[in-house]
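Peer 1: Here it is, the structure, as structure tokens.
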Amino acid sequence: MTTSAPRHSAPRLSDARVWTRLQPIAAVLLGATVIGIPLWLVVVTAGKSQGEALSPNLALPSEWHLWENFATVWTDGEIPAAFFGSLLVVVPTVAGVLTVGSLASWVLARRATRLTAVLYALAISGIVLPPAVVTVVLLLRYLGLAGTAVGMIGVYMGIYLSTVIFFVTGFVRTIPVSLEEAAQIDGAGPFTVFRRVVLPLLRPVLATATILICLYVWNDVFYAFFVVGGRLDTLPLNLFRVASAGLYLDNWHLIFAYVILMSLPLVIVFVVAQRKIISGITSGAVK
């Protein structure tokens, strides 16, 4: 006596194929919902009047006041001064972290010794170990750097250098050593090999690191509040102060307008470097 195959196997297989095809669509819709709703809330609230914005919601404003709110924030929130203060901190921090981190990563990736393995573990430990804020502040006071841009840059470099070393070291290990050996045979020194051979190949991962460091430093309030102590205006620190002082108290339309203006430089940086981000993450972190 023979048994026939179950009649429900074909429908189950068909359902599995349909679900496999729907998974990417569902993921896109979920991501669009999670990102789109907060973004929509920020934009519509920034375009409302003070009365309509008292209770933030997703409804469209009865009349758009977006440009008026931008103008108010630009003058009353002292955005130009805070913008240059943020640039004064972000640009040297990113340049210093990328320079020191890429050089250190190149050495750590090419020296296969126990010492370099220990140094690499110590270097990336900063990703999981939180910095001691009180100790950092006391050290800056002892060095005379508390409340200065130089002290703030040094703190940021110490915090985010581990992230750069983690990404760049993994990326350097994927670069064939033969390229460097060929340059050395031609008479190039170590610095020339790094500058002309290694550094151009690091553009994808450095673009990724640039986005991450800019995002962290540009939006930081915590370390800027404790280290700078109000002696230097940055965009997030200035927003925190004016909101706490009552200038933007219950003025949600001005707060969200400030957030939009503060985020525009990051959006521009992301648009410029977006082509390099995914390749940098997959090549540096996964490998």
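The way I read the labels, and the way they are meant: chains A, B, ... in the order of the structure tokens, residue 1 as the first residue of every chain, and ligand 1 as the first ligand shown, with later ones counted on from there.
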May I have the residues within 9 Å of A:Val43 as a ChimeraX atom specification, using only C-alpha atoms and disregarding those fewer than 5 positions away in the same chain?

Peer 2: /A:38,66,256-257,260

Peer 1: List as a VMD selection string the protein and nucleic acid residues near stretch 226-240 of chain A, meaning an atom at most 10 Å away when only C-alpha atoms are counted, but skip any in the same chain fewer than 5 places from it.

Peer 2: chain A and resid 73 77 to 90 133 to 134 136 to 138 140 to 141 145 to 152 155 217 to 221 245 247 to 248 255 258 to 259 261 to 263

Peer 1: Kindly assemble as a tab-separated table a list of the stretch 42-106 of chain A residues that lie within 12 Å of stretch 119-131 of chain A, each paired with its nearest atom pair and their distance in Å to one decimal, using only C-alpha atoms, sorted first by chain and then by ascending residue number.

Peer 2:
residue	atom	partner	partner_atom	distance
A:Val100	CA	A:Ala123	CA	11.9
A:Gly101	CA	A:Ala123	CA	9.7
A:Ala104	CA	A:Tyr120	CA	9.2
A:Ser105	CA	A:Tyr120	CA	8.4
A:Trp106	CA	A:Tyr120	CA	11.1

Peer 1: For a quick check of understanding, using only C-alpha atoms, which of A:Trp67, A:Phe270, A:Phe166, A:Tyr142 has the smallest distance to A:Cys214?

Peer 2: A:Phe270

Peer 1: Between atom CA of A:Pro56 and atom CA of A:Ala71, what is the distance in Å, rounded to a tenth?

Peer 2: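 Atom-to-atom, atom CA of A:Pro56 to atom CA of A:Ala71, that is 20.6 Å.
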
Peer 1: As an exercise, work out the distance from atom CA of A:Pro265 to atom CA of A:Thr210 in Å and give it to one decimal place.

Peer 2: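 Result for atom CA of A:Pro265 versus atom CA of A:Thr210: 12.9 Å, one decimal.
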
Peer 1: If you count only C-alpha atoms, which residues fall within 12 Å of stretch 169-177 of chain A, apart from same-chain ones fewer than 4 positions away, as a PyMOL selection string?

Peer 2: chain A and resi 101-112+116-117+120-121+123-124+161-165+181-184+193-194+197-206+208-209+279-287

Peer 1: So that I can check the surroundings of A:Val269, please list as a PyMOL selection string every protein, DNA and RNA residue that reaches within 10 Å of it, counting only C-alpha atoms and ignoring chain neighbours fewer than 3 positions away.

Peer 2: chain A and resi 207+210-211+214-215+264-266+272-274

Peer 1: Taking into account only C-alpha atoms, which residue in the set A:Gly31, A:Pro61, A:Pro24, A:Gly187 is nearest to A:His253?

Peer 2: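 Checking each candidate against A:His253, we get A:Pro61 as the closest.
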
Peer 1: Figure out the distance between atom CA of A:Trp40 and atom CA of A:Val28, please, to one decimal in Å.

Peer 2: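 Between atom CA of A:Val28 and atom CA of A:Trp40 the gap is 16.9 Å.
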